[in-house]
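So this block is work-v9.txt, compact mmCIF, C-alpha atoms:
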# COMPACT_ATOMS: atom_id res chain seq x y z
CA MET A 7 -11.04 7.08 51.27
CA SER A 8 -9.82 7.28 47.66
CA VAL A 9 -8.34 4.23 45.97
CA VAL A 10 -5.07 4.73 44.08
CA ILE A 11 -4.76 2.41 41.09
CA PRO A 12 -1.13 1.68 40.17
CA PRO A 13 -0.07 2.86 36.70
CA GLU A 14 0.71 -0.75 35.73
CA ILE A 15 -2.92 -1.76 36.30
CA CYS A 16 -4.14 1.30 34.39
CA GLY A 17 -1.89 0.28 31.49
CA ILE A 18 -3.27 -3.27 31.44
CA ILE A 19 -6.86 -1.98 31.42
CA CYS A 20 -6.18 0.60 28.67
CA GLN A 21 -4.54 -2.03 26.45
CA ASP A 22 -7.37 -4.55 26.74
CA PRO A 23 -8.58 -5.48 23.22
CA ILE A 24 -12.20 -4.62 24.08
CA ILE A 25 -11.27 -1.00 24.82
CA GLU A 26 -12.21 1.27 21.92
CA ARG A 27 -10.82 4.71 21.15
CA TYR A 28 -13.83 6.47 22.69
CA ASP A 29 -13.32 4.37 25.85
CA LEU A 30 -9.77 5.71 26.10
CA LEU A 31 -11.09 9.25 25.80
CA THR A 32 -13.44 8.53 28.70
CA LEU A 33 -10.64 7.01 30.80
CA CYS A 34 -8.66 10.25 30.41
CA SER A 35 -11.12 11.86 32.86
CA VAL A 36 -11.00 9.11 35.53
CA THR A 37 -7.61 9.59 37.24
CA ARG A 38 -4.20 11.00 36.40
CA SER A 39 -2.79 7.49 36.02
CA PHE A 40 -5.54 6.50 33.63
CA ARG A 41 -5.09 9.73 31.69
CA ALA A 42 -1.35 9.17 31.30
CA GLU A 43 -1.81 5.60 30.01
CA ALA A 44 -4.78 6.41 27.78
CA GLU A 45 -3.01 9.38 26.20
CA ARG A 46 0.08 7.30 25.59
CA ILE A 47 -2.04 4.92 23.49
CA LEU A 48 -4.18 7.62 21.86
CA TYR A 49 -1.16 9.59 20.69
CA ALA A 50 0.88 6.62 19.47
CA SER A 51 -1.05 6.63 16.18
CA VAL A 52 -2.92 9.72 14.99
CA SER A 53 -4.89 10.49 11.84
CA VAL A 54 -6.24 14.00 11.29
CA ARG A 55 -8.22 15.37 8.37
CA GLY A 56 -8.98 18.95 7.38
CA VAL A 57 -7.91 22.32 8.78
CA ARG A 58 -9.93 22.11 11.99
CA GLN A 59 -8.66 18.69 13.07
CA ILE A 60 -5.09 19.42 12.03
CA ASN A 61 -5.03 22.69 13.98
CA ALA A 62 -6.58 21.09 17.07
CA PHE A 63 -3.96 18.34 17.02
CA CYS A 64 -1.04 20.74 16.52
CA ILE A 65 -2.26 23.06 19.29
CA ALA A 66 -2.58 20.09 21.68
CA LEU A 67 1.07 19.15 21.05
CA ALA A 68 2.22 22.75 21.41
CA ARG A 69 0.48 23.07 24.79
CA ARG A 70 1.57 19.65 26.06
CA PRO A 71 4.82 18.76 24.27
CA HIS A 72 5.26 15.51 26.19
CA LEU A 73 2.37 14.04 24.13
CA ALA A 74 4.54 14.29 21.01
CA GLU A 75 7.00 11.85 22.57
CA HIS A 76 4.37 9.11 22.22
CA LEU A 77 3.74 9.74 18.52
CA LYS A 78 4.95 6.91 16.27
CA ARG A 79 2.49 7.06 13.33
CA LEU A 80 0.92 10.21 11.87
CA ALA A 81 -1.40 10.62 8.87
CA LEU A 82 -2.12 14.18 7.72
CA TYR A 83 -4.98 14.48 5.22
CA MET A 84 -4.21 17.92 3.86
CA PRO A 85 -6.98 20.15 2.50
CA PRO A 86 -6.63 22.14 -0.74
CA LEU A 87 -3.94 24.78 -0.63
CA THR A 88 -6.54 27.56 -0.67
CA GLY A 89 -7.86 26.30 2.67
CA LEU A 90 -4.54 26.73 4.49
CA GLN A 91 -3.09 29.83 6.10
CA VAL A 92 0.58 30.42 6.88
CA ASP A 93 -0.21 30.02 10.60
CA ASP A 94 -1.72 26.58 9.90
CA LEU A 95 1.45 25.43 8.16
CA SER A 96 3.63 26.82 10.93
CA ARG A 97 1.62 24.81 13.47
CA VAL A 98 2.15 21.63 11.43
CA MET A 99 5.88 22.30 11.20
CA HIS A 100 6.12 22.88 14.96
CA ALA A 101 4.15 19.68 15.71
CA LEU A 102 6.51 17.69 13.49
CA HIS A 103 9.49 19.33 15.16
CA LEU A 104 8.24 18.10 18.54
CA SER A 105 7.66 14.53 17.27
CA ALA A 106 11.20 13.21 17.57
CA ASN A 107 10.06 9.56 17.87
CA LEU A 108 7.91 9.57 14.72
CA LYS A 109 8.50 6.47 12.55
CA GLU A 110 5.65 6.51 10.00
CA LEU A 111 4.40 9.65 8.27
CA SER A 112 1.68 9.97 5.62
CA VAL A 113 1.02 13.31 3.91
CA LEU A 114 -2.04 12.82 1.74
CA GLN A 115 -4.47 14.86 -0.29
CA ASP A 116 -7.91 14.94 1.25
CA ILE A 117 -9.61 13.96 -2.01
CA VAL A 118 -13.37 13.62 -2.36
CA SER A 119 -14.93 12.31 -5.59
CA ASP A 120 -18.01 13.72 -7.30
CA ASP A 121 -20.20 11.25 -5.38
CA ASP A 122 -18.64 12.29 -2.03
CA THR A 123 -16.50 9.14 -1.80
CA ARG A 124 -13.11 9.68 -0.19
CA LEU A 125 -10.21 8.55 -2.38
CA ASP A 126 -7.50 8.29 0.25
CA GLY A 127 -5.69 5.25 -1.13
CA PHE A 128 -5.94 6.10 -4.82
CA TYR A 129 -3.21 7.34 -7.07
CA THR A 130 -3.71 10.83 -8.45
CA ASP A 131 -2.39 12.53 -11.55
CA LYS A 132 -3.01 15.89 -9.93
CA PRO A 133 -0.74 16.36 -6.93
CA SER A 134 -1.69 19.51 -5.06
CA GLU A 135 0.05 22.74 -5.95
CA ALA A 136 1.64 22.77 -2.50
CA VAL A 137 5.20 24.06 -2.45
CA HIS A 138 5.59 24.38 1.33
CA ARG A 139 7.84 21.36 1.66
CA TRP A 140 9.68 23.26 4.39
CA ILE A 141 7.13 21.93 6.89
CA LEU A 142 8.83 18.51 6.52
CA GLU A 143 12.48 19.48 6.62
CA GLY A 144 14.99 19.88 9.43
CA HIS A 145 13.30 17.72 12.07
CA ALA A 146 14.83 15.20 14.47
CA PHE A 147 12.65 12.21 13.56
CA ARG A 148 14.04 9.43 11.40
CA LEU A 149 11.26 7.76 9.47
CA GLU A 150 10.95 4.09 8.57
CA LYS A 151 7.88 4.61 6.37
CA PHE A 152 6.76 7.60 4.29
CA THR A 153 3.62 7.90 2.16
CA ASN A 154 2.89 10.91 -0.04
CA SER A 155 0.11 11.97 -2.37
CA TYR A 156 0.17 15.67 -1.45
CA PHE A 157 3.45 17.08 -2.66
CA HIS A 158 4.72 16.81 -6.22
CA PRO A 159 7.46 14.15 -5.70
CA PRO A 160 10.43 16.15 -7.11
CA LEU A 161 9.89 18.67 -4.30
CA LEU A 162 10.68 15.93 -1.76
CA LEU A 163 14.24 15.21 -2.90
CA ASP A 164 15.99 17.12 -0.10
CA PHE A 165 13.59 15.70 2.51
CA LEU A 166 14.27 12.13 1.32
CA LYS A 167 18.00 12.76 1.40
CA GLU A 168 17.58 13.61 5.09
CA GLN A 169 15.48 10.51 5.78
CA SER A 170 18.03 7.85 4.90
CA SER A 171 16.44 5.35 7.31
CA ILE A 172 13.25 4.96 5.24
CA GLN A 173 12.43 1.30 4.62
CA THR A 174 8.99 1.70 2.99
CA LEU A 175 8.22 4.43 0.45
CA ALA A 176 4.78 4.96 -1.09
CA LEU A 177 4.40 7.67 -3.73
CA ARG A 178 0.70 7.84 -4.60
CA SER A 179 1.06 9.98 -7.70
CA LYS A 180 1.40 9.16 -11.34
CA GLY A 181 4.28 10.00 -13.60
CA ASN A 182 7.94 10.51 -12.81
CA ALA A 183 9.28 11.29 -9.35
CA GLU A 184 12.81 12.54 -10.09
CA ILE A 185 14.10 11.47 -6.68
CA CYS A 186 16.81 9.02 -7.74
CA ASP A 187 19.49 11.21 -6.20
CA ALA A 188 18.14 10.27 -2.76
CA GLU A 189 20.28 7.36 -1.62
CA LEU A 190 17.70 5.59 0.60
CA PRO A 191 20.12 2.75 1.49
CA HIS A 192 17.55 0.89 3.62
CA LEU A 193 14.65 1.05 1.15
CA ALA A 194 13.12 -2.44 0.94
CA ASN A 195 9.47 -1.73 0.04
CA LEU A 196 8.28 0.50 -2.80
CA ASP A 197 4.70 1.39 -3.75
CA SER A 198 4.68 3.61 -6.83
CA SER A 199 3.69 4.16 -10.42
CA ALA A 200 5.36 2.17 -13.17
CA ALA A 201 7.24 5.32 -14.20
CA VAL A 202 8.87 5.61 -10.77
CA LEU A 203 9.86 1.93 -10.89
CA GLN A 204 11.62 2.53 -14.20
CA GLU A 205 13.49 5.48 -12.66
CA PHE A 206 14.63 3.34 -9.73
CA SER A 207 15.77 0.55 -12.04
CA VAL A 208 18.28 2.73 -13.91
CA PRO A 209 21.78 1.64 -12.81
CA SER A 210 23.36 4.32 -10.66
CA TRP A 211 25.79 4.75 -7.80
CA HIS A 212 22.89 4.13 -5.40
CA ARG A 213 22.35 0.39 -5.13
CA ARG A 214 18.69 -0.56 -4.65
CA ASN A 215 17.78 -3.48 -2.43
CA ILE A 216 14.02 -3.52 -3.05
CA GLN A 217 12.41 -6.72 -1.77
CA ARG A 218 8.69 -5.91 -1.98
CA LEU A 219 7.13 -3.89 -4.76
CA GLN A 220 3.69 -2.62 -5.74
CA ILE A 221 3.26 -0.84 -9.06
CA ASP A 222 0.30 0.97 -10.57
CA CYS A 223 -0.23 0.70 -14.33
CA GLU A 224 -2.98 3.02 -15.57
CA ARG A 225 -4.05 3.11 -19.21
CA SER A 226 -0.85 1.24 -20.01
CA THR A 227 -0.17 -0.23 -23.45
CA ASP A 228 1.54 -3.54 -24.10
CA VAL A 229 4.75 -1.72 -25.11
CA GLU A 230 4.76 0.32 -21.90
CA GLU A 231 4.12 -2.77 -19.80
CA LEU A 232 6.97 -4.64 -21.47
CA ALA A 233 9.30 -1.75 -20.63
CA THR A 234 8.13 -1.91 -17.01
CA PHE A 235 8.74 -5.63 -16.72
CA VAL A 236 12.15 -5.39 -18.35
CA ALA A 237 13.00 -2.88 -15.61
CA LEU A 238 12.31 -5.60 -13.05
CA THR A 239 15.54 -7.36 -14.05
CA GLN A 240 17.44 -4.90 -11.82
CA PHE A 241 15.77 -6.54 -8.80
CA THR A 242 16.08 -10.20 -9.78
CA ASP A 243 18.38 -11.01 -6.85
CA THR A 244 16.34 -9.22 -4.18
CA LEU A 245 12.63 -9.06 -5.04
CA LYS A 246 10.40 -11.47 -3.08
CA SER A 247 6.96 -9.96 -3.55
CA LEU A 248 5.26 -8.15 -6.44
CA SER A 249 1.80 -6.59 -6.59
CA ILE A 250 0.56 -5.11 -9.89
CA GLN A 251 -2.54 -2.93 -10.19
CA ARG A 252 -3.83 -2.31 -13.70
CA THR A 253 -6.66 0.15 -14.36
CA GLU A 254 -8.52 1.98 -17.12
CA GLY A 255 -6.94 0.36 -20.14
CA THR A 256 -7.74 -2.04 -22.94
CA ASN A 257 -4.39 -2.21 -24.74
CA GLY A 258 -2.22 -3.90 -22.12
CA LEU A 259 -0.70 -7.35 -22.27
CA ASP A 260 -2.88 -10.44 -22.02
CA ILE A 261 -2.81 -11.42 -18.36
CA ALA A 262 -1.26 -14.83 -19.13
CA VAL A 263 1.49 -13.15 -21.16
CA LEU A 264 1.97 -10.61 -18.38
CA THR A 265 2.38 -13.40 -15.81
CA ALA A 266 4.87 -15.20 -18.06
CA CYS A 267 6.87 -11.97 -18.50
CA VAL A 268 7.11 -11.53 -14.74
CA ALA A 269 8.24 -15.14 -14.33
CA ALA A 270 10.89 -14.70 -17.01
CA GLN A 271 12.34 -11.64 -15.24
CA LEU A 272 11.82 -12.83 -11.64
CA PRO A 273 11.96 -16.63 -11.52
CA ASP A 274 12.67 -16.67 -7.75
CA LEU A 275 9.65 -14.53 -6.84
CA ARG A 276 7.65 -15.90 -3.88
CA TYR A 277 4.46 -13.83 -4.10
CA LEU A 278 2.65 -12.40 -7.13
CA ARG A 279 -0.62 -10.47 -7.07
CA ILE A 280 -2.17 -9.02 -10.23
CA MET A 281 -5.23 -6.84 -9.69
CA ASP A 282 -6.66 -6.15 -13.14
CA TYR A 283 -9.54 -3.66 -13.08
CA THR A 284 -9.77 -3.34 -16.87
CA THR A 285 -12.57 -4.53 -19.12
CA ARG A 286 -11.82 -6.63 -22.18
CA SER A 287 -13.96 -7.07 -25.26
CA GLU A 288 -12.55 -10.60 -25.75
CA VAL A 289 -13.96 -13.73 -24.18
CA TYR A 290 -11.34 -16.44 -23.61
CA TYR A 291 -12.31 -20.06 -24.20
CA VAL A 292 -8.75 -21.30 -23.64
CA PRO A 293 -7.69 -22.42 -20.14
CA PHE A 294 -6.42 -19.75 -17.77
CA LEU A 295 -2.57 -19.64 -17.88
CA PRO A 296 -2.54 -22.14 -20.76
CA PHE A 297 1.25 -22.39 -20.98
CA PRO A 298 3.85 -22.96 -18.23
CA VAL A 299 5.20 -20.01 -16.25
CA ARG A 300 8.78 -20.45 -15.06
CA PHE A 301 8.61 -19.65 -11.37
CA THR A 302 10.94 -21.73 -9.19
CA GLN A 303 9.98 -20.55 -5.67
CA ILE A 304 6.49 -19.10 -5.99
CA ARG A 305 4.23 -19.70 -2.98
CA THR A 306 1.25 -17.43 -3.62
CA LEU A 307 -0.55 -16.39 -6.82
CA ILE A 308 -3.45 -13.94 -6.59
CA PHE A 309 -5.45 -12.69 -9.57
CA ARG A 310 -8.27 -10.27 -10.09
CA LEU A 311 -9.05 -10.96 -13.73
CA PRO A 312 -10.37 -8.49 -16.31
CA THR A 313 -14.10 -8.54 -16.90
CA GLY A 314 -15.64 -9.02 -20.31
CA PRO A 315 -18.97 -9.11 -22.14
CA HIS A 316 -21.39 -11.89 -21.28
CA GLU A 317 -21.06 -14.63 -23.85
CA ASP A 318 -24.76 -14.82 -24.77
CA GLY A 319 -25.57 -11.12 -24.57
CA GLY A 320 -24.39 -8.02 -26.31
CA ARG A 321 -23.72 -5.87 -23.27
CA ASP A 322 -20.80 -5.67 -20.86
CA MET A 323 -21.34 -7.55 -17.60
CA GLU A 324 -19.21 -7.88 -14.47
CA THR A 325 -18.15 -11.38 -15.44
CA CYS A 326 -14.74 -12.93 -15.77
CA SER A 327 -13.36 -12.86 -19.30
CA PHE A 328 -12.17 -16.48 -18.91
CA ILE A 329 -15.04 -18.91 -19.44
CA GLU A 330 -13.23 -21.65 -17.49
CA LEU A 331 -13.28 -19.60 -14.30
CA ARG A 332 -17.00 -18.86 -14.27
CA THR A 333 -17.91 -22.17 -12.64
CA ALA A 334 -16.77 -23.87 -9.43
CA GLU A 335 -15.61 -26.92 -11.38
CA GLY A 336 -13.61 -24.77 -13.77
CA ARG A 337 -11.93 -22.83 -10.98
CA ARG A 338 -11.04 -26.05 -9.16
CA GLY A 339 -9.62 -27.55 -12.34
CA ALA A 340 -7.54 -24.45 -13.02
CA ALA A 341 -6.14 -24.47 -9.48
CA GLU A 342 -5.18 -28.16 -9.73
CA ARG A 343 -3.56 -27.70 -13.15
CA ILE A 344 -1.55 -24.63 -12.13
CA MET A 345 -0.42 -26.16 -8.83
CA LYS A 346 0.73 -29.24 -10.69
CA THR A 347 2.99 -27.17 -12.95
CA LEU A 348 4.29 -25.08 -10.01
CA PRO A 349 5.45 -27.53 -7.32
CA THR A 350 6.21 -24.79 -4.73
CA LEU A 351 2.81 -23.09 -5.04
CA THR A 352 0.71 -23.46 -1.88
CA ARG A 353 -1.92 -20.73 -2.36
CA PHE A 354 -3.94 -19.74 -5.43
CA VAL A 355 -6.57 -16.99 -5.13
CA LEU A 356 -9.14 -15.67 -7.59
CA ILE A 357 -10.58 -12.29 -6.57
CA GLY A 358 -14.30 -12.07 -7.23
CA ASP A 359 -17.52 -11.96 -5.28
CA PRO A 360 -16.82 -14.00 -3.27
CA ILE A 361 -13.04 -14.49 -3.23
CA HIS A 362 -12.03 -18.06 -4.08
CA GLU A 363 -8.94 -19.38 -2.28
CA PHE A 364 -7.24 -22.74 -2.94
CA VAL A 365 -4.60 -23.98 -0.50
CA ARG A 366 -2.34 -27.00 -1.00
CA ASP A 367 -0.66 -29.08 1.69
CA LEU A 368 2.75 -29.82 0.18
CA ASP A 369 3.19 -33.00 2.25
CA SER A 370 -0.07 -34.70 1.28
CA GLY A 371 -0.77 -32.83 -1.95
CA THR A 372 -4.34 -32.21 -0.79
CA ILE A 373 -5.95 -29.05 -2.17
CA SER A 374 -8.64 -27.42 -0.05
CA ASP A 375 -10.77 -24.46 -1.04
CA ARG A 376 -12.89 -21.83 0.69
CA ASN A 377 -14.56 -18.52 0.02
CA LEU A 378 -13.26 -15.33 1.64
CA GLU A 379 -14.91 -11.97 2.16
CA ALA A 380 -11.66 -10.03 1.81
CA ILE A 381 -7.89 -10.29 1.79
CA ASP A 382 -5.39 -7.90 3.32
CA ASP A 383 -4.46 -5.16 0.84
CA ASP A 384 -1.02 -4.94 2.45
CA GLU A 385 -0.15 -8.63 2.54
CA TRP A 386 2.42 -8.10 -0.22
CA LEU A 387 4.41 -6.21 2.41
CA LEU A 388 4.46 -9.21 4.78
CA VAL A 389 6.27 -11.68 2.52
CA GLU A 390 9.55 -12.99 3.93
Is it possible to express this structure as structure tokens?
Amino acid sequence: MSVVIPPEICGIICQDPIIERYDLLTLCSVTRSFRAEAERILYASVSVRGVRQINAFCIALARRPHLAEHLKRLALYMPPLTGLQVDDLSRVMHALHLSANLKELSVLQDIVSDDDTRLDGFYTDKPSEAVHRWILEGHAFRLEKFTNSYFHPPLLLDFLKEQSSIQTLALRSKGNAEICDAELPHLANLDSSAAVLQEFSVPSWHRRNIQRLQIDCERSTDVEELATFVALTQFTDTLKSLSIQRTEGTNGLDIAVLTACVAAQLPDLRYLRIMDYTTRSEVYYVPFLPFPVRFTQIRTLIFRLPTGPHEDGGRDMETCSFIELRTAEGRRGAAERIMKTLPTLTRFVLIGDPIHEFVRDLDSGTISDRNLEAIDDDEWLLVE
């Protein structure tokens, strides 16, 4: 006598936190009820890489269109243009056409570095030569989040005009985007190069209501950075969270001056993260943030500071350029001093190995500290 397990019980089992993706694949072969529930979860969020995986995924949706109804999040890691045939692109377009409930779409270059490291989250100054934007256009889905490092951004203008419901836009390419004609009335979160930020800050008939912002500054000079931070004035009334990534430069603003510039433009900011991956020849003997910064509502400050040469050696070392912050006592003193000047600040983080986090209880004034292994890269998106 066979036992029939109700679909509700199958759903509870499939959603148990201990169930891994390979367990769901196994459950697909147990019973029809298990297969239905497992596939619903498996196809809610899909990431495919390379021609073989992309084709297999698209063929599965074409053969069983009901699976596309489950799809909410899709990441396509697209191979070089030379690896794609017209039939491959047609399959992608058809799969997207079936995915009417899709809310988050990422179209990314499948980039591999010289040492075989995948560079999925990195900005690139070489968008692919892809011109087949037609695979994205004319579909029923209405996205809330779109991430792109595959297409040259100006090619996406018509697509973005269609997708007026986008709330989060990430353009992982350097340089201008030329997409300001897209209204994007619900856009609240922007992850882009500094050049794109400056485009979006130009007053136009499209009002921007950006609340959370991440900008990438590569090889930027102090003049270029000042222009970027002046552009922030357009978002003074709305911006709550700002994350700045600075890489491969030696001529940018001093990090204390940079912080003060942000505070001058955005005094009501609640969250500021500055990830500085540059190397400085200077060693700073002055205290970190030696002069007041004029934030009025700041809750979290996070810094990855530039590295500099070791003070008693002639070679560059992975050491903080601020002498004060090289010892536990110095870091504690800096946290206490900065929290004293910023009465709303409850969290101060120094990114190193390990990560040093200082947390203040506003009622008692007590400052506690601990070491962390990691922090969430996307926490700038969670600020309310």
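Comparing A:Leu264, A:Ala188, A:Ile216, A:Met281 by their smallest distance to Gln251 in chain A, the closest is A:Met281 (using all atoms listed in the file).
CA of Ile373 in chain A to CA of Leu331 in chain A spans 17.0 Å [interatomic distance, one decimal].
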task: Do a neighbour search on Pro85 in chain A at 9 Å with only C-alpha atoms, toss out local chain neighbours closer than 4 positions, and write the hits as a PyMOL selection string.
output: chain A and resi 55-57+89-90+114-117
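You will find CA of Ile361 in chain A at 24.1 Å from CA of Phe297 in chain A.
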Who sits within 10 Å of range 60-70 of chain A, all atoms listed in the file, same chain under 6 positions skipped, as a CSV table (one decimal) with C-alpha atoms, in the frame of the given file:
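The resulting file, out_24.csv, is reproduced below:
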chain,number,residue,atom,x,y,z
A,49,TYR,CA,-1.2,9.6,20.7
A,52,VAL,CA,-2.9,9.7,15.0
A,53,SER,CA,-4.9,10.5,11.8
A,54,VAL,CA,-6.2,14.0,11.3
A,82,LEU,CA,-2.1,14.2,7.7
A,83,TYR,CA,-5.0,14.5,5.2
A,84,MET,CA,-4.2,17.9,3.9
A,85,PRO,CA,-7.0,20.2,2.5
A,93,ASP,CA,-0.2,30.0,10.6
A,94,ASP,CA,-1.7,26.6,9.9
A,95,LEU,CA,1.4,25.4,8.2
A,96,SER,CA,3.6,26.8,10.9
A,97,ARG,CA,1.6,24.8,13.5
A,98,VAL,CA,2.2,21.6,11.4
A,99,MET,CA,5.9,22.3,11.2
A,100,HIS,CA,6.1,22.9,15.0
A,101,ALA,CA,4.2,19.7,15.7
A,102,LEU,CA,6.5,17.7,13.5
A,104,LEU,CA,8.2,18.1,18.5
A,105,SER,CA,7.7,14.5,17.3
Just the residues within 10 Å of Glu385 in chain A, please, counting all atoms listed in the file, with nothing from its chain fewer than 3 positions along; format it as a short mmCIF file (atom, residue, chain, number, x, y, z; two decimals) with C-alpha atoms, keeping the file's coordinate frame.
data_model
loop_
_atom_site.label_atom_id
_atom_site.label_comp_id
_atom_site.auth_asym_id
_atom_site.auth_seq_id
_atom_site.Cartn_x
_atom_site.Cartn_y
_atom_site.Cartn_z
CA SER A 247 6.96 -9.96 -3.55
CA SER A 249 1.80 -6.59 -6.59
CA TYR A 277 4.46 -13.83 -4.10
CA ARG A 279 -0.62 -10.47 -7.07
CA ILE A 381 -7.89 -10.29 1.79
CA ASP A 382 -5.39 -7.90 3.32
CA LEU A 388 4.46 -9.21 4.78
CA VAL A 389 6.27 -11.68 2.52
#
At a cut-off of 10 Å from (8.3, -7.3, -20.7) in the coordinates of the file, what residues are picked up using only C-alpha atoms, written as an mmCIF file with C-alpha atoms, in the frame of the given file?
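The resulting selection.cif:
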data_model
loop_
_atom_site.group_PDB
_atom_site.id
_atom_site.type_symbol
_atom_site.label_atom_id
_atom_site.label_comp_id
_atom_site.auth_asym_id
_atom_site.auth_seq_id
_atom_site.Cartn_x
_atom_site.Cartn_y
_atom_site.Cartn_z
ATOM 1 C CA ASP A 228 1.540 -3.540 -24.100
ATOM 2 C CA VAL A 229 4.750 -1.720 -25.110
ATOM 3 C CA GLU A 230 4.760 0.320 -21.900
ATOM 4 C CA GLU A 231 4.120 -2.770 -19.800
ATOM 5 C CA LEU A 232 6.970 -4.640 -21.470
ATOM 6 C CA ALA A 233 9.300 -1.750 -20.630
ATOM 7 C CA THR A 234 8.130 -1.910 -17.010
ATOM 8 C CA PHE A 235 8.740 -5.630 -16.720
ATOM 9 C CA VAL A 236 12.150 -5.390 -18.350
ATOM 10 C CA ALA A 237 13.000 -2.880 -15.610
ATOM 11 C CA LEU A 238 12.310 -5.600 -13.050
ATOM 12 C CA THR A 239 15.540 -7.360 -14.050
ATOM 13 C CA LEU A 259 -0.700 -7.350 -22.270
ATOM 14 C CA VAL A 263 1.490 -13.150 -21.160
ATOM 15 C CA LEU A 264 1.970 -10.610 -18.380
ATOM 16 C CA THR A 265 2.380 -13.400 -15.810
ATOM 17 C CA ALA A 266 4.870 -15.200 -18.060
ATOM 18 C CA CYS A 267 6.870 -11.970 -18.500
ATOM 19 C CA VAL A 268 7.110 -11.530 -14.740
ATOM 20 C CA ALA A 270 10.890 -14.700 -17.010
ATOM 21 C CA GLN A 271 12.340 -11.640 -15.240
#
query: Expressed in Å to a single decimal, how great is the separation between CA of Tyr283 in chain A and CA of Glu330 in chain A?
result: 18.9 Å
- request: Just the residues within 10 Å of Asn182 in chain A, please, counting only C-alpha atoms, with nothing from its chain fewer than 4 positions along; format it as a list in words.
  value: His158, Pro159, Pro160, Ser198, Ser199, Ala200, Ala201, Val202, Leu203, Gln204 and Glu205 of chain A
field: Neighbour list for Glu363 in chain A as an MDAnalysis selection string, cut-off 6 Å, only C-alpha atoms, skip fewer than 2 positions in-chain
entry: chainID A and resid 354:355 375:376
Could range 274-278 of chain A be written out with all heavy atoms, as an mmCIF file, in the first residue's frame, please?
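To be explicit, this is the file written out as selection-v4.cif:
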data_model
loop_
_atom_site.group_PDB
_atom_site.id
_atom_site.type_symbol
_atom_site.label_atom_id
_atom_site.label_comp_id
_atom_site.auth_asym_id
_atom_site.auth_seq_id
_atom_site.Cartn_x
_atom_site.Cartn_y
_atom_site.Cartn_z
ATOM 1 N N ASP A 274 22.643 64.805 6.904
ATOM 2 C CA ASP A 274 21.639 63.917 7.497
ATOM 3 C C ASP A 274 21.859 62.445 7.150
ATOM 4 O O ASP A 274 21.005 61.607 7.438
ATOM 5 C CB ASP A 274 20.235 64.332 7.053
ATOM 6 C CG ASP A 274 19.863 65.721 7.553
ATOM 7 O OD1 ASP A 274 20.398 66.131 8.602
ATOM 8 O OD2 ASP A 274 19.046 66.391 6.889
ATOM 9 N N LEU A 275 23.000 62.125 6.547
ATOM 10 C CA LEU A 275 23.300 60.747 6.192
ATOM 11 C C LEU A 275 23.310 59.862 7.444
ATOM 12 O O LEU A 275 23.762 60.272 8.514
ATOM 13 C CB LEU A 275 24.670 60.683 5.512
ATOM 14 C CG LEU A 275 25.004 59.432 4.703
ATOM 15 C CD1 LEU A 275 24.135 59.349 3.464
ATOM 16 C CD2 LEU A 275 26.486 59.443 4.304
ATOM 17 N N ARG A 276 22.814 58.622 7.300
ATOM 18 C CA ARG A 276 22.754 57.701 8.446
ATOM 19 C C ARG A 276 23.839 56.629 8.401
ATOM 20 O O ARG A 276 24.185 56.068 9.440
ATOM 21 C CB ARG A 276 21.379 57.020 8.489
ATOM 22 C CG ARG A 276 20.233 57.998 8.640
ATOM 23 C CD ARG A 276 18.887 57.305 8.556
ATOM 24 N NE ARG A 276 17.793 58.266 8.519
ATOM 25 C CZ ARG A 276 16.521 57.945 8.362
ATOM 26 N NH1 ARG A 276 16.178 56.667 8.234
ATOM 27 N NH2 ARG A 276 15.592 58.884 8.313
ATOM 28 N N TYR A 277 24.346 56.349 7.203
ATOM 29 C CA TYR A 277 25.308 55.256 7.040
ATOM 30 C C TYR A 277 26.354 55.682 6.027
ATOM 31 O O TYR A 277 26.020 56.113 4.923
ATOM 32 C CB TYR A 277 24.569 54.001 6.558
ATOM 33 C CG TYR A 277 25.432 52.795 6.243
ATOM 34 C CD1 TYR A 277 25.535 51.735 7.128
ATOM 35 C CD2 TYR A 277 26.114 52.702 5.033
ATOM 36 C CE1 TYR A 277 26.304 50.616 6.821
ATOM 37 C CE2 TYR A 277 26.883 51.585 4.717
ATOM 38 C CZ TYR A 277 26.971 50.548 5.620
ATOM 39 O OH TYR A 277 27.729 49.441 5.325
ATOM 40 N N LEU A 278 27.637 55.569 6.391
ATOM 41 C CA LEU A 278 28.727 55.877 5.469
ATOM 42 C C LEU A 278 29.768 54.766 5.536
ATOM 43 O O LEU A 278 30.254 54.422 6.612
ATOM 44 C CB LEU A 278 29.380 57.215 5.812
ATOM 45 C CG LEU A 278 30.636 57.569 4.987
ATOM 46 C CD1 LEU A 278 30.295 57.718 3.502
ATOM 47 C CD2 LEU A 278 31.297 58.846 5.510
#
